[in-house]
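*Asks:* Quick one, my_file-v2.cif (mmCIF, C-alpha atoms and all ligand atoms):
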data_query
loop_
_atom_site.label_atom_id
_atom_site.label_comp_id
_atom_site.auth_asym_id
_atom_site.auth_seq_id
_atom_site.Cartn_x
_atom_site.Cartn_y
_atom_site.Cartn_z
CA MET C 1 33.24 25.57 22.51
CA GLY C 2 33.38 26.69 26.13
CA SER C 3 30.52 25.81 28.41
CA ILE C 4 27.84 28.44 28.66
CA SER C 5 25.76 28.13 31.74
CA PRO C 6 22.09 28.00 30.80
CA LEU C 7 19.55 30.47 32.04
CA PRO C 8 18.01 29.00 35.20
CA LEU C 9 14.88 27.07 34.28
CA ALA C 10 12.59 29.45 36.15
CA ALA C 11 13.92 32.35 34.07
CA GLN C 12 13.58 30.37 30.85
CA GLU C 13 10.03 29.56 31.86
CA ARG C 14 9.25 33.22 32.49
CA ALA C 15 10.70 34.05 29.10
CA LEU C 16 8.46 31.44 27.52
CA SER C 17 5.28 32.51 29.30
CA ASP C 18 6.04 36.18 28.66
CA ARG C 19 6.07 35.55 24.97
CA VAL C 20 2.93 37.14 23.65
CA ILE C 21 1.28 34.61 21.42
CA PRO C 22 -0.28 36.52 18.55
CA PRO C 23 -3.73 35.45 17.37
CA SER C 24 -2.14 34.15 14.17
CA ARG C 25 -0.19 31.65 16.23
CA GLN C 26 -3.30 30.56 18.04
CA GLY C 27 -5.15 29.99 14.80
CA LYS C 28 -8.62 31.36 14.37
CA VAL C 29 -10.88 29.57 16.79
CA ASP C 30 -14.29 28.66 15.45
CA SER C 31 -16.53 29.43 18.43
CA SER C 32 -19.30 27.15 17.14
CA LYS C 33 -16.82 24.30 17.57
CA ALA C 34 -15.29 25.48 20.84
CA ASP C 35 -16.80 22.57 22.75
CA THR C 36 -15.26 19.92 20.51
CA PRO C 37 -12.11 18.14 21.75
CA ASN C 38 -10.04 20.59 19.69
CA GLY C 39 -11.59 23.64 21.32
CA GLY C 40 -12.45 25.07 17.90
CA ARG C 41 -8.91 24.80 16.58
CA PRO C 42 -8.80 25.19 12.79
CA GLU C 43 -9.05 22.08 10.68
CA ILE C 44 -8.44 21.47 7.00
CA HIS C 45 -10.25 18.42 5.68
CA THR C 46 -10.18 18.75 1.91
CA VAL C 47 -8.29 20.29 -0.99
CA GLU C 48 -11.08 22.93 -1.14
CA ASP C 49 -10.62 23.74 2.58
CA MET C 50 -6.92 24.14 1.92
CA ALA C 51 -7.45 26.50 -1.01
CA GLN C 52 -9.69 28.64 1.18
CA SER C 53 -7.71 28.73 4.42
CA ALA C 54 -4.01 28.52 3.59
CA LEU C 55 -2.59 31.90 2.76
CA TYR C 56 -0.01 30.77 0.25
CA THR C 57 0.26 33.06 -2.75
CA ALA C 58 2.96 31.30 -4.76
CA PRO C 59 1.60 28.97 -7.45
CA GLY C 60 4.05 26.25 -6.45
CA ALA C 61 3.21 26.58 -2.76
CA LYS C 62 -0.51 26.31 -3.55
CA ALA C 63 0.17 23.19 -5.59
CA TYR C 64 2.17 21.62 -2.75
CA ALA C 65 -0.54 22.53 -0.22
CA ALA C 66 -3.16 20.88 -2.42
CA LEU C 67 -0.99 17.75 -2.61
CA ALA C 68 -0.70 17.77 1.18
CA ALA C 69 -4.47 17.92 1.51
CA GLN C 70 -4.83 15.03 -0.93
CA ALA C 71 -2.26 13.03 1.03
CA SER C 72 -4.01 13.72 4.32
CA ASN C 73 -7.29 12.48 2.90
CA GLY C 74 -9.16 13.82 5.93
CA MET C 75 -7.08 11.77 8.39
CA TRP C 76 -5.23 14.71 10.04
CA PRO C 77 -7.32 17.89 9.65
CA VAL C 78 -5.65 19.67 12.59
CA THR C 79 -2.15 18.60 11.59
CA LEU C 80 -2.78 19.79 8.07
CA ALA C 81 -3.96 23.22 9.25
CA TYR C 82 -0.97 23.51 11.54
CA ARG C 83 1.69 22.28 9.12
CA CYS C 84 0.42 23.78 5.91
CA LYS C 85 -0.87 27.15 6.92
CA TYR C 86 0.93 30.20 5.74
CA PRO C 87 2.03 32.09 7.74
CA ARG C 88 2.95 29.64 10.46
CA GLY C 89 1.07 29.14 13.66
CA GLY C 90 -1.68 27.38 15.53
CA THR C 91 -0.02 25.20 18.17
CA SER C 92 -1.24 27.27 21.00
CA ILE C 93 -4.75 26.58 22.17
CA LYS C 94 -6.84 26.54 25.24
CA ALA C 95 -8.71 23.31 24.74
CA PRO C 96 -9.69 21.17 27.72
CA VAL C 97 -6.81 19.03 28.99
CA PRO C 98 -7.43 15.55 27.60
CA GLN C 99 -7.99 12.68 29.99
CA PRO C 100 -4.97 10.44 30.50
CA MET C 101 -5.43 7.15 28.75
CA GLU C 102 -3.86 3.80 27.96
CA VAL C 103 -3.66 4.11 24.17
CA PHE C 104 -1.79 0.87 23.51
CA ASP C 105 -0.99 -1.96 25.89
CA GLY C 106 1.17 -0.31 28.56
CA VAL C 107 1.56 2.90 26.51
CA TYR C 108 -0.17 5.92 27.98
CA SER C 109 -1.02 9.42 26.79
CA ILE C 110 -0.54 11.69 29.81
CA GLY C 111 0.02 15.18 28.41
CA ASP C 112 -1.94 18.41 28.18
CA ASP C 113 -3.90 20.10 25.41
CA ALA C 114 -0.83 21.27 23.48
CA ASN C 115 2.00 18.83 24.34
CA ASN C 116 1.46 15.13 24.57
CA ILE C 117 3.65 13.04 26.85
CA TRP C 118 3.91 9.31 26.29
CA ALA C 119 4.64 6.89 29.11
CA ILE C 120 5.79 3.38 28.23
CA ASP C 121 5.38 0.99 31.13
CA THR C 122 7.72 -1.98 31.45
CA ASP C 123 8.54 -4.61 34.06
CA GLU C 124 11.61 -2.59 35.04
CA GLY C 125 10.10 0.86 35.17
CA ILE C 126 8.74 3.54 32.91
CA ILE C 127 10.14 5.33 29.86
CA LEU C 128 8.81 8.86 29.41
CA LEU C 129 8.93 10.68 26.10
CA ASP C 130 9.30 14.40 26.96
CA ALA C 131 8.51 16.21 30.19
CA LEU C 132 6.50 19.46 29.66
CA THR C 133 7.66 22.96 30.62
CA ASN C 134 8.38 23.07 34.35
CA GLU C 135 7.95 21.47 37.74
CA GLU C 136 4.41 22.78 38.05
CA ASP C 137 3.35 21.12 34.77
CA ALA C 138 5.24 17.96 35.69
CA ARG C 139 3.40 17.78 39.01
CA ASN C 140 -0.03 18.91 37.90
CA ILE C 141 -0.21 17.17 34.55
CA ILE C 142 2.34 14.34 34.30
CA VAL C 143 2.39 13.07 37.88
CA ARG C 144 -1.33 13.50 38.38
CA HIS C 145 -2.15 11.79 35.09
CA MET C 146 0.20 8.93 35.85
CA GLU C 147 -1.48 8.39 39.18
CA GLN C 148 -4.89 8.50 37.53
CA VAL C 149 -3.95 5.62 35.21
CA GLY C 150 -2.23 3.65 37.97
CA LEU C 151 1.41 4.43 37.12
CA ASP C 152 3.82 5.27 39.93
CA PRO C 153 5.90 8.33 38.91
CA ARG C 154 8.73 7.09 41.12
CA ARG C 155 9.10 4.21 38.66
CA ILE C 156 10.20 6.51 35.81
CA ARG C 157 13.64 5.23 34.83
CA ILE C 158 14.33 7.00 31.54
CA ILE C 159 13.17 10.39 30.26
CA ILE C 160 13.87 10.84 26.57
CA VAL C 161 13.85 14.48 25.50
CA SER C 162 12.90 14.88 21.84
CA HIS C 163 14.45 18.35 21.53
CA ASN C 164 15.72 21.27 23.56
CA HIS C 165 12.63 23.43 23.67
CA LEU C 166 11.46 24.18 27.18
CA ASP C 167 7.98 22.69 26.68
CA HIS C 168 9.69 19.32 26.13
CA PHE C 169 12.46 19.26 28.74
CA GLY C 170 11.56 21.80 31.48
CA GLY C 171 9.79 19.27 33.72
CA ALA C 172 12.57 16.67 33.44
CA PRO C 173 14.75 17.81 36.38
CA TYR C 174 11.79 17.62 38.76
CA LEU C 175 10.78 14.18 37.50
CA LYS C 176 14.38 13.04 37.86
CA SER C 177 14.42 14.35 41.43
CA ILE C 178 11.46 12.19 42.44
CA SER C 179 12.40 9.06 40.50
CA GLY C 180 16.14 9.02 39.91
CA ALA C 181 15.40 8.70 36.18
CA ARG C 182 18.17 9.18 33.66
CA ILE C 183 17.59 11.89 31.06
CA GLY C 184 18.60 11.26 27.47
CA ALA C 185 18.82 13.69 24.56
CA SER C 186 20.92 14.16 21.46
CA THR C 187 24.38 15.66 21.96
CA ALA C 188 23.51 18.67 19.79
CA ASP C 189 20.46 19.46 21.93
CA TRP C 190 22.20 18.80 25.24
CA ASP C 191 24.94 21.24 24.33
CA GLY C 192 23.29 23.81 22.11
CA ASP C 193 21.04 26.79 22.60
CA SER C 194 17.64 26.89 21.01
CA ILE C 195 15.13 29.68 20.53
CA TYR C 196 13.09 28.26 23.43
CA GLY C 197 15.62 27.49 26.10
CA ARG C 198 18.73 25.53 26.87
CA MET C 199 18.88 22.23 28.70
CA PRO C 200 20.44 22.14 32.16
CA PRO C 201 23.82 20.35 32.32
CA ARG C 202 23.80 16.57 32.28
CA GLY C 203 23.21 15.12 35.75
CA GLU C 204 24.09 11.74 37.17
CA GLY C 205 23.32 8.94 34.76
CA ASP C 206 22.11 11.28 32.03
CA PHE C 207 23.11 10.21 28.57
CA ASP C 208 23.55 11.18 24.95
CA ILE C 209 21.45 9.54 22.25
CA SER C 210 22.90 9.00 18.80
CA ASP C 211 21.27 8.20 15.49
CA GLY C 212 19.79 4.71 15.39
CA GLU C 213 20.33 4.15 19.10
CA GLN C 214 18.11 1.60 20.79
CA ILE C 215 16.97 2.49 24.27
CA THR C 216 15.77 -0.62 26.05
CA LEU C 217 14.07 -1.06 29.41
CA GLY C 218 12.25 -4.12 30.70
CA GLY C 219 12.10 -5.74 27.27
CA ARG C 220 10.68 -2.69 25.49
CA THR C 221 12.81 -0.82 22.98
CA VAL C 222 12.54 2.68 21.59
CA THR C 223 14.78 3.36 18.58
CA ALA C 224 15.78 6.99 18.19
CA TYR C 225 16.74 8.76 14.97
CA LEU C 226 18.36 12.14 14.49
CA THR C 227 15.99 14.30 12.47
CA PRO C 228 17.30 17.85 12.77
CA GLY C 229 15.47 20.85 11.38
CA HIS C 230 13.12 21.89 14.17
CA THR C 231 16.24 22.02 16.38
CA ALA C 232 19.81 21.03 15.64
CA GLY C 233 19.41 17.69 17.39
CA THR C 234 15.72 16.77 17.22
CA LEU C 235 15.12 13.07 17.83
CA SER C 236 12.28 11.00 16.38
CA PHE C 237 11.27 7.55 17.50
CA VAL C 238 10.03 4.17 16.35
CA PHE C 239 8.81 1.59 18.83
CA PRO C 240 6.69 -1.54 18.82
CA VAL C 241 3.30 -1.32 20.53
CA SER C 242 0.35 -3.65 20.81
CA ASP C 243 -3.37 -3.01 20.84
CA LYS C 244 -5.13 -5.56 23.03
CA GLY C 245 -2.45 -8.03 22.01
CA THR C 246 -2.28 -7.17 18.29
CA PRO C 247 1.22 -5.94 17.39
CA HIS C 248 1.80 -2.61 15.66
CA VAL C 249 4.77 -0.27 15.18
CA ALA C 250 4.53 3.37 16.21
CA ALA C 251 6.33 6.28 14.56
CA LEU C 252 6.74 9.57 16.40
CA PHE C 253 8.39 12.52 14.67
CA GLY C 254 9.92 14.57 17.47
CA GLY C 255 10.02 18.14 16.12
CA GLN C 256 6.79 19.58 14.91
CA GLY C 257 7.04 23.26 14.19
CA LYS C 258 8.22 24.87 11.02
CA PRO C 259 11.70 26.32 11.13
CA ARG C 260 12.46 29.84 9.91
CA LYS C 261 15.52 29.60 7.74
CA MET C 262 15.84 27.96 4.35
CA GLU C 263 18.77 25.79 5.42
CA ASP C 264 16.73 24.47 8.35
CA TYR C 265 13.86 23.59 6.03
CA VAL C 266 16.24 21.69 3.79
CA GLN C 267 17.67 19.85 6.81
CA PHE C 268 14.12 19.13 8.01
CA LEU C 269 13.28 17.51 4.67
CA GLU C 270 16.43 15.41 4.88
CA GLY C 271 15.43 14.35 8.39
CA LEU C 272 11.99 13.33 7.13
CA GLN C 273 13.60 11.30 4.35
CA HIS C 274 15.81 9.52 6.89
CA PHE C 275 12.88 8.88 9.22
CA SER C 276 10.61 7.60 6.44
CA GLU C 277 13.28 5.10 5.35
CA GLU C 278 13.34 3.78 8.91
CA THR C 279 9.57 3.73 9.35
CA ASP C 280 9.33 1.83 6.06
CA ARG C 281 12.01 -0.60 7.15
CA MET C 282 10.24 -1.15 10.46
CA GLN C 283 6.81 -1.19 8.79
CA ALA C 284 5.30 1.46 11.03
CA ASP C 285 1.51 1.59 10.99
CA VAL C 286 0.79 4.01 13.88
CA ILE C 287 1.40 7.78 13.96
CA LEU C 288 1.95 9.41 17.34
CA SER C 289 3.18 12.90 18.17
CA ASN C 290 4.52 14.88 21.09
CA HIS C 291 2.16 17.72 20.16
CA THR C 292 -1.58 17.25 19.87
CA VAL C 293 -1.43 19.19 16.60
CA GLY C 294 0.93 16.53 15.29
CA ASP C 295 -1.42 13.55 15.34
CA ASP C 296 -4.85 15.13 15.80
CA GLY C 297 -4.37 13.82 19.31
CA LEU C 298 -7.24 15.61 21.03
CA THR C 299 -9.73 14.14 18.56
CA ARG C 300 -8.17 10.70 18.71
CA ILE C 301 -8.10 10.60 22.51
CA ALA C 302 -11.78 11.61 22.56
CA GLN C 303 -12.55 8.87 20.03
CA LEU C 304 -10.60 6.34 22.07
CA ALA C 305 -12.58 7.25 25.17
CA GLU C 306 -15.75 6.21 23.33
CA ARG C 307 -14.26 3.14 21.70
CA LYS C 308 -16.35 0.03 22.01
CA ALA C 309 -15.16 -3.57 21.90
CA GLY C 310 -14.16 -4.61 18.38
CA GLU C 311 -13.80 -1.03 17.10
CA PRO C 312 -10.43 0.03 15.65
CA ASN C 313 -7.88 2.04 17.59
CA PRO C 314 -7.95 5.53 16.02
CA TYR C 315 -4.15 5.83 16.24
CA VAL C 316 -3.68 2.78 14.00
CA VAL C 317 -3.59 4.26 10.52
CA GLY C 318 -2.00 1.34 8.66
CA ARG C 319 0.93 1.47 6.30
CA GLU C 320 -1.09 3.64 3.94
CA GLY C 321 -1.69 6.16 6.70
CA VAL C 322 1.99 6.38 7.65
CA ILE C 323 2.92 6.90 4.00
CA ARG C 324 0.19 9.54 3.61
CA TYR C 325 1.38 11.31 6.76
CA ASP C 326 4.93 11.42 5.47
CA ALA C 327 3.71 12.81 2.13
CA LEU C 328 1.60 15.44 3.93
CA PHE C 329 4.52 16.54 6.04
CA ARG C 330 6.92 16.81 3.09
CA ALA C 331 4.44 18.60 0.86
CA CYS C 332 3.78 21.20 3.56
CA LEU C 333 7.50 21.85 4.01
CA SER C 334 7.91 22.11 0.26
CA ALA C 335 5.00 24.57 0.15
CA ASP C 336 6.83 26.77 2.66
CA ILE C 337 10.11 26.52 0.78
CA ASP C 338 8.36 27.37 -2.47
CA GLN C 339 6.65 30.36 -0.87
CA MET C 340 9.96 31.61 0.54
CA VAL C 341 11.57 31.42 -2.87
CA TRP C 342 8.57 33.17 -4.44
CA ASP C 343 8.63 35.94 -1.84
CA GLN C 344 12.27 36.66 -2.60
CA THR C 345 11.51 37.29 -6.25
CA HIS C 346 7.97 38.70 -5.93
CA PRO C 347 7.94 41.35 -3.22
CA ALA C 348 4.45 42.20 -1.97
CA PRO C 349 3.05 45.32 -3.65
CA ALA C 350 3.24 48.43 -1.48
CA LYS C 351 -0.09 49.39 0.05
ZN ZN O 401 9.80 22.55 19.72
#
Kindly return the structure encoded in the file as structure tokens.
Ligand SMILES: [Zn+2]
*Replies:*
Amino acid sequence: MGSISPLPLAAQERALSDRVIPPSRQGKVDSSKADTPNGGRPEIHTVEDMAQSALYTAPGAKAYAALAAQASNGMWPVTLAYRCKYPRGGTSIKAPVPQPMEVFDGVYSIGDDANNIWAIDTDEGIILLDALTNEEDARNIIVRHMEQVGLDPRRIRIIIVSHNHLDHFGGAPYLKSISGARIGASTADWDGDSIYGRMPPRGEGDFDISDGEQITLGGRTVTAYLTPGHTAGTLSFVFPVSDKGTPHVAALFGGQGKPRKMEDYVQFLEGLQHFSEETDRMQADVILSNHTVGDDGLTRIAQLAERKAGEPNPYVVGREGVIRYDALFRACLSADIDQMVWDQTHPAPAK
């Protein structure tokens, strides 16, 4: 394949911001809850909530959605609404930007209300997971948040891009320019187009990440896995963390949103299967996300801000939680697949 020069980032960014986000994508905001950390974003807590709010019509899809709600068991009400709502939507919100915070020892949440960015501090510099949409976001959110928690942005050494959507890679060139960091992404996402942008060409030191690759800096290691479906080369991650000295293992699935085509759904499920085998093998007991809808991040950050000595870290969900999260995720994808199949054989009655 010949090289196609990507749209300049500024033009990609305009394209992204010009996209009109329909209310369905925003999710119905409950104004009585607008001052909660989620800004009134919809939540599904129970099987009954699911039956009322998800718009699935296929019997199989409804059954899968109910299973997802059972699996979630109230642990991810925002994630459940986002993943298992039919039609799709709900990532886009205007909640207050969460305060940057050290969530685990040397692991910081420094993103905005929609996209979370994780910074892993090491003796030899900082690993960043994702980079927001553009230079402005990188400056105003990432750099400012890093400074607020005492991290020097010039110490960023590695920026790992989970997938080639602009809201994950657009800020990377700016951050590289101030730090000399190397940018890593999967080969498929370096080289391919996506519906939300195309990565700039690899620069000096930038690198390709393959399945199972360990990225190590200053004694900390992030293991990356190829989990395509959201994009052709979406990466997901497992890495050890510690909470005030107590060791845990974090799992971060790197592509949140539902795809559109059946074959992508099937690939997505295969990616989840691959990732769950690895999170089992590595005994993950923490769920993180690069979107706040992916780990109920706005709620958990707010809880963490109020955490008192001896109280649990809200991101530590235990082995049971990781297994429940995986079951939730799969059941929601299966609900969508079932609904797609149903729609093909049961066209909606004409009005
Ligand atoms: Zn994406």
*Asks:* List as a JSON list (two decimals) with C-alpha atoms, in the frame of the given file the protein and nucleic acid residues lying within 10 Å of ligand ZN 401 (chain O), with all atoms listed in the file counted.
*Replies:*
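Below you can see result.json, which holds the result:
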[["chain", "number", "residue", "atom", "x", "y", "z"],
["C", 115, "ASN", "CA", 2.00, 18.83, 24.34],
["C", 162, "SER", "CA", 12.90, 14.88, 21.84],
["C", 163, "HIS", "CA", 14.45, 18.35, 21.53],
["C", 164, "ASN", "CA", 15.72, 21.27, 23.56],
["C", 165, "HIS", "CA", 12.63, 23.43, 23.67],
["C", 166, "LEU", "CA", 11.46, 24.18, 27.18],
["C", 167, "ASP", "CA", 7.98, 22.69, 26.68],
["C", 168, "HIS", "CA", 9.69, 19.32, 26.13],
["C", 169, "PHE", "CA", 12.46, 19.26, 28.74],
["C", 194, "SER", "CA", 17.64, 26.89, 21.01],
["C", 195, "ILE", "CA", 15.13, 29.68, 20.53],
["C", 196, "TYR", "CA", 13.09, 28.26, 23.43],
["C", 197, "GLY", "CA", 15.62, 27.49, 26.10],
["C", 230, "HIS", "CA", 13.12, 21.89, 14.17],
["C", 231, "THR", "CA", 16.24, 22.02, 16.38],
["C", 234, "THR", "CA", 15.72, 16.77, 17.22],
["C", 254, "GLY", "CA", 9.92, 14.57, 17.47],
["C", 255, "GLY", "CA", 10.02, 18.14, 16.12],
["C", 256, "GLN", "CA", 6.79, 19.58, 14.91],
["C", 257, "GLY", "CA", 7.04, 23.26, 14.19],
["C", 258, "LYS", "CA", 8.22, 24.87, 11.02],
["C", 259, "PRO", "CA", 11.70, 26.32, 11.13],
["C", 290, "ASN", "CA", 4.52, 14.88, 21.09],
["C", 291, "HIS", "CA", 2.16, 17.72, 20.16]]
*Asks:* Give me the residues of range 22-72 of chain C that have any atom at most 6 Å from an atom of range 319-340 of chain C; for each, the nearest atom pair and the distance in Å, rounded to one decimal. Use only C-alpha atoms, sort by chain and number, and format it as a Markdown table.
*Replies:*
| residue | atom | partner | partner_atom | distance |
| --- | --- | --- | --- | --- |
| C:Ala58 | CA | C:Gln339 | CA | 5.4 |
| C:Gly60 | CA | C:Asp338 | CA | 6.0 |
| C:Ala61 | CA | C:Ala335 | CA | 4.0 |
| C:Tyr64 | CA | C:Ala335 | CA | 5.0 |
| C:Ala65 | CA | C:Cys332 | CA | 5.9 |
| C:Ala68 | CA | C:Leu328 | CA | 4.3 |
| C:Ala71 | CA | C:Arg324 | CA | 5.0 |
| C:Ser72 | CA | C:Leu328 | CA | 5.9 |
*Asks:* Could you tell me how far CA of Gln148 in chain C lies from CA of Ser109 in chain C, in Å and to one decimal?
*Replies:*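 Straight-line distance from CA of Gln148 in chain C to CA of Ser109 in chain C works out to 11.5 Å.
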*Asks:* Quick one: residues within 12 Å of (-7.6, 2.7, 18.9) (file frame), counting all atoms listed in the file, please, as a PyMOL selection string.
*Replies:* chain C and resi 101-105+107+241-244+246+248+286-288+297+299-318
*Asks:* What does the distance between CA of Val293 in chain C and CA of Pro42 in chain C come to in Å, to one decimal place?
*Replies:*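 Computed distance, CA of Val293 in chain C to CA of Pro42 in chain C, equals 10.2 Å.
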*Asks:* Mind giving me the straight-line distance from CA of Gly74 in chain C to CA of Asp130 in chain C in Å, one decimal?
*Replies:*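 Separation of CA of Gly74 in chain C and CA of Asp130 in chain C: 28.0 Å.
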*Asks:* Pull the neighbourhood of (22.8, 20.2, 19.2) for me: all residues within 10 Å in file coordinates, counting only C-alpha atoms, as a list in words.
*Replies:* His163, Asn164, Ala185, Ser186, Thr187, Ala188, Asp189, Trp190, Asp191, Gly192, Asp193, Ser194, Pro228, Thr231, Ala232, Gly233 and Thr234 of chain C
*Asks:* Could you pull the residues within 9 Å of Gly111 in chain C, counting only C-alpha atoms, minus those fewer than 4 positions along the same chain, as number ranges by chain?
*Replies:* C: 97-100, 115-118, 131-132, 141-142, 145, 290-292
*Asks:* Pick out the closest residue to Gly219 in chain C from this set: C:Phe239, C:Ala63, C:Gly150, C:Lys176. Count all atoms listed in the file.
*Replies:*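 Closest candidate: C:Phe239.
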*Asks:* Which residue is closest to Thr36 in chain C? Choose from C:Arg220, C:Phe237, C:Tyr82, C:Leu298 and count all atoms listed in the file.
*Replies:*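 The closest residue to Thr36 in chain C is C:Leu298.
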*Asks:* Please, which residues in range 269-313 of chain C fall within 12 Å of range 200-213 of chain C when counting all atoms listed in the file, and what is the closest atom pair and distance in Å to one decimal for each, ordered by chain then residue number, as CSV?
*Replies:*
residue,atom,partner,partner_atom,distance
C:Gly271,CA,C:Asp211,CA,11.1
C:His274,CA,C:Asp211,CA,10.3
C:Phe275,CA,C:Gly212,CA,10.2
C:Glu277,CA,C:Gly212,CA,12.0
C:Glu278,CA,C:Gly212,CA,9.2
C:Thr279,CA,C:Gly212,CA,11.9
*Asks:* Grab the residues selected above and save them as a PDB file, keeping the file's coordinate frame with C-alpha atoms.
*Replies:*
ATOM      1  CA  GLY C 271      15.430  14.350   8.390  1.00  0.00           C
ATOM      2  CA  HIS C 274      15.810   9.520   6.890  1.00  0.00           C
ATOM      3  CA  PHE C 275      12.880   8.880   9.220  1.00  0.00           C
ATOM      4  CA  GLU C 277      13.280   5.100   5.350  1.00  0.00           C
ATOM      5  CA  GLU C 278      13.340   3.780   8.910  1.00  0.00           C
ATOM      6  CA  THR C 279       9.570   3.730   9.350  1.00  0.00           C
TER       7      THR C 279
END
*Asks:* Contacts of Ile156 in chain C at 7 Å or less, counting all atoms listed in the file, minus same-chain residues fewer than 5 places along, as a list in words?
*Replies:*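 The filter keeps Gly125, Ile126, Ile127, Leu128, Ser179 and Ala181 of chain C.
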*Asks:* Find the residue from C:Asp264, C:Val222, C:Gly245, C:Gly39 that sits nearest to Met282 in chain C; use only C-alpha atoms when measuring.
*Replies:*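 Smallest separation from Met282 in chain C among the options: C:Val222.
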